[in-house]
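my_file_23.pdb (PDB, C-alpha atoms) appears below.
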```pdb
ATOM      1  CA  MET A   1       0.000   0.000   0.000  1.00  0.00           C
ATOM      2  CA  GLN A   2       1.382   3.386  -0.952  1.00  0.00           C
ATOM      3  CA  ILE A   3      -0.062   6.722   0.056  1.00  0.00           C
ATOM      4  CA  PRO A   4       1.524   9.923  -1.227  1.00  0.00           C
ATOM      5  CA  PRO A   5       2.726  12.575   1.230  1.00  0.00           C
ATOM      6  CA  PRO A   6       0.443  15.478   2.109  1.00  0.00           C
ATOM      7  CA  THR A   7       0.343  18.531  -0.105  1.00  0.00           C
ATOM      8  CA  HIS A   8      -1.044  20.886   2.570  1.00  0.00           C
ATOM      9  CA  GLU A   9       0.501  22.242   5.762  1.00  0.00           C
ATOM     10  CA  PRO A  10      -0.500  20.861   9.196  1.00  0.00           C
ATOM     11  CA  GLY A  11      -3.642  22.583  10.441  1.00  0.00           C
ATOM     12  CA  ASP A  12      -5.010  23.217   6.947  1.00  0.00           C
ATOM     13  CA  MET A  13      -8.516  21.678   6.672  1.00  0.00           C
ATOM     14  CA  GLN A  14      -7.676  20.526   3.153  1.00  0.00           C
ATOM     15  CA  ARG A  15      -4.949  18.319   4.618  1.00  0.00           C
ATOM     16  CA  ALA A  16      -7.454  16.282   6.650  1.00  0.00           C
ATOM     17  CA  MET A  17      -9.785  15.986   3.659  1.00  0.00           C
ATOM     18  CA  GLU A  18      -6.890  14.929   1.434  1.00  0.00           C
ATOM     19  CA  CYS A  19      -5.884  12.218   3.894  1.00  0.00           C
ATOM     20  CA  GLU A  20      -9.470  10.965   4.137  1.00  0.00           C
ATOM     21  CA  GLU A  21      -9.746  10.739   0.357  1.00  0.00           C
ATOM     22  CA  LEU A  22      -6.497   8.794   0.164  1.00  0.00           C
ATOM     23  CA  VAL A  23      -7.263   6.243   2.897  1.00  0.00           C
ATOM     24  CA  ARG A  24     -10.975   5.755   2.104  1.00  0.00           C
ATOM     25  CA  PRO A  25     -10.410   3.260  -0.755  1.00  0.00           C
ATOM     26  CA  PHE A  26      -8.193   1.110   1.483  1.00  0.00           C
ATOM     27  CA  VAL A  27     -10.743   1.112   4.302  1.00  0.00           C
ATOM     28  CA  LYS A  28     -13.583   0.272   1.902  1.00  0.00           C
ATOM     29  CA  SER A  29     -11.533  -2.555   0.443  1.00  0.00           C
ATOM     30  CA  ILE A  30     -10.831  -4.045   3.873  1.00  0.00           C
ATOM     31  CA  VAL A  31     -14.501  -3.753   4.829  1.00  0.00           C
ATOM     32  CA  ALA A  32     -15.619  -5.368   1.567  1.00  0.00           C
ATOM     33  CA  THR A  33     -13.114  -8.202   1.993  1.00  0.00           C
ATOM     34  CA  ALA A  34     -14.297  -8.878   5.544  1.00  0.00           C
ATOM     35  CA  ILE A  35     -17.954  -8.843   4.430  1.00  0.00           C
ATOM     36  CA  ALA A  36     -17.114 -11.276   1.620  1.00  0.00           C
ATOM     37  CA  SER A  37     -15.549 -13.537   4.261  1.00  0.00           C
ATOM     38  CA  GLY A  38     -18.805 -13.641   6.198  1.00  0.00           C
ATOM     39  CA  TRP A  39     -18.535 -10.787   8.665  1.00  0.00           C
ATOM     40  CA  ALA A  40     -21.469  -8.389   8.983  1.00  0.00           C
ATOM     41  CA  CYS A  41     -20.808  -4.813   7.890  1.00  0.00           C
ATOM     42  CA  ASP A  42     -21.647  -3.469  11.366  1.00  0.00           C
ATOM     43  CA  GLU A  43     -19.202  -5.926  12.952  1.00  0.00           C
ATOM     44  CA  VAL A  44     -16.405  -4.751  10.681  1.00  0.00           C
ATOM     45  CA  LEU A  45     -17.153  -1.064  11.217  1.00  0.00           C
ATOM     46  CA  ILE A  46     -17.266  -1.524  14.989  1.00  0.00           C
ATOM     47  CA  ALA A  47     -13.944  -3.359  14.804  1.00  0.00           C
ATOM     48  CA  PHE A  48     -12.455  -0.401  12.900  1.00  0.00           C
ATOM     49  CA  GLU A  49     -13.807   2.035  15.487  1.00  0.00           C
ATOM     50  CA  GLU A  50     -12.314  -0.022  18.316  1.00  0.00           C
ATOM     51  CA  ALA A  51      -8.968  -0.294  16.538  1.00  0.00           C
ATOM     52  CA  VAL A  52      -8.892   3.477  16.041  1.00  0.00           C
ATOM     53  CA  LYS A  53      -9.680   4.035  19.735  1.00  0.00           C
ATOM     54  CA  ASP A  54      -6.858   1.691  20.731  1.00  0.00           C
ATOM     55  CA  ILE A  55      -4.400   3.454  18.459  1.00  0.00           C
ATOM     56  CA  ARG A  56      -5.464   6.887  19.726  1.00  0.00           C
ATOM     57  CA  THR A  57      -4.939   5.814  23.331  1.00  0.00           C
ATOM     58  CA  GLY A  58      -1.407   4.661  22.761  1.00  0.00           C
ATOM     59  CA  GLU A  59      -1.300   1.237  21.121  1.00  0.00           C
ATOM     60  CA  PRO A  60       1.929   1.268  19.140  1.00  0.00           C
ATOM     61  CA  ILE A  61       1.798   1.297  15.361  1.00  0.00           C
ATOM     62  CA  THR A  62       3.855  -1.524  13.905  1.00  0.00           C
ATOM     63  CA  GLN A  63       4.539  -2.238  10.270  1.00  0.00           C
TER      64      GLN A  63
END
```
Please express what this file holds, its structure, as structure tokens.
Amino acid sequence: MQIPPPTHEPGDMQRAMECEELVRPFVKSIVATAIASGWACDEVLIAFEEAVKDIRTGEPITQ
């Protein structure tokens, strides 16, 4: 997965929108793949929300 660097300065509202537009296809693809594997859409979305909460509260990001 490759995502280009931002083109706007930190704090610029366009920067957040740009990031959202860039990551949205990846998120939708993961959700669609999970649904195709038998998970309910709500289950997958809740799992994403929980993962985001964990990351925001300090879970390390590993690659």
- Task: May I have the residues within 12 Å of region 16-21 of chain A as a ChimeraX atom specification, using all atoms listed in the file and disregarding those fewer than 6 positions away in the same chain?
- Result: /A:3-10,27-28
- Query: Do you have the CA of Lys53 (chain A)-CA of Val23 (chain A) distance handy?
  - Reply: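 Distance reported for this atom pair: 17.2 Å.
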- Message: As an exercise, work out the distance from CA of Arg56 (chain A) to CA of Val44 (chain A) in Å and give it to one decimal place.
- Response: 18.4 Å
- d(CA of Ser37 (chain A), CA of Arg24 (chain A)) in Å: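 These two atoms are separated by 19.9 Å.
Using all atoms listed in the file, the nearest neighbour of Ala47 (chain A) within the list A:Met13, A:Ile61, A:Met1, A:Ile30 is A:Ile30.
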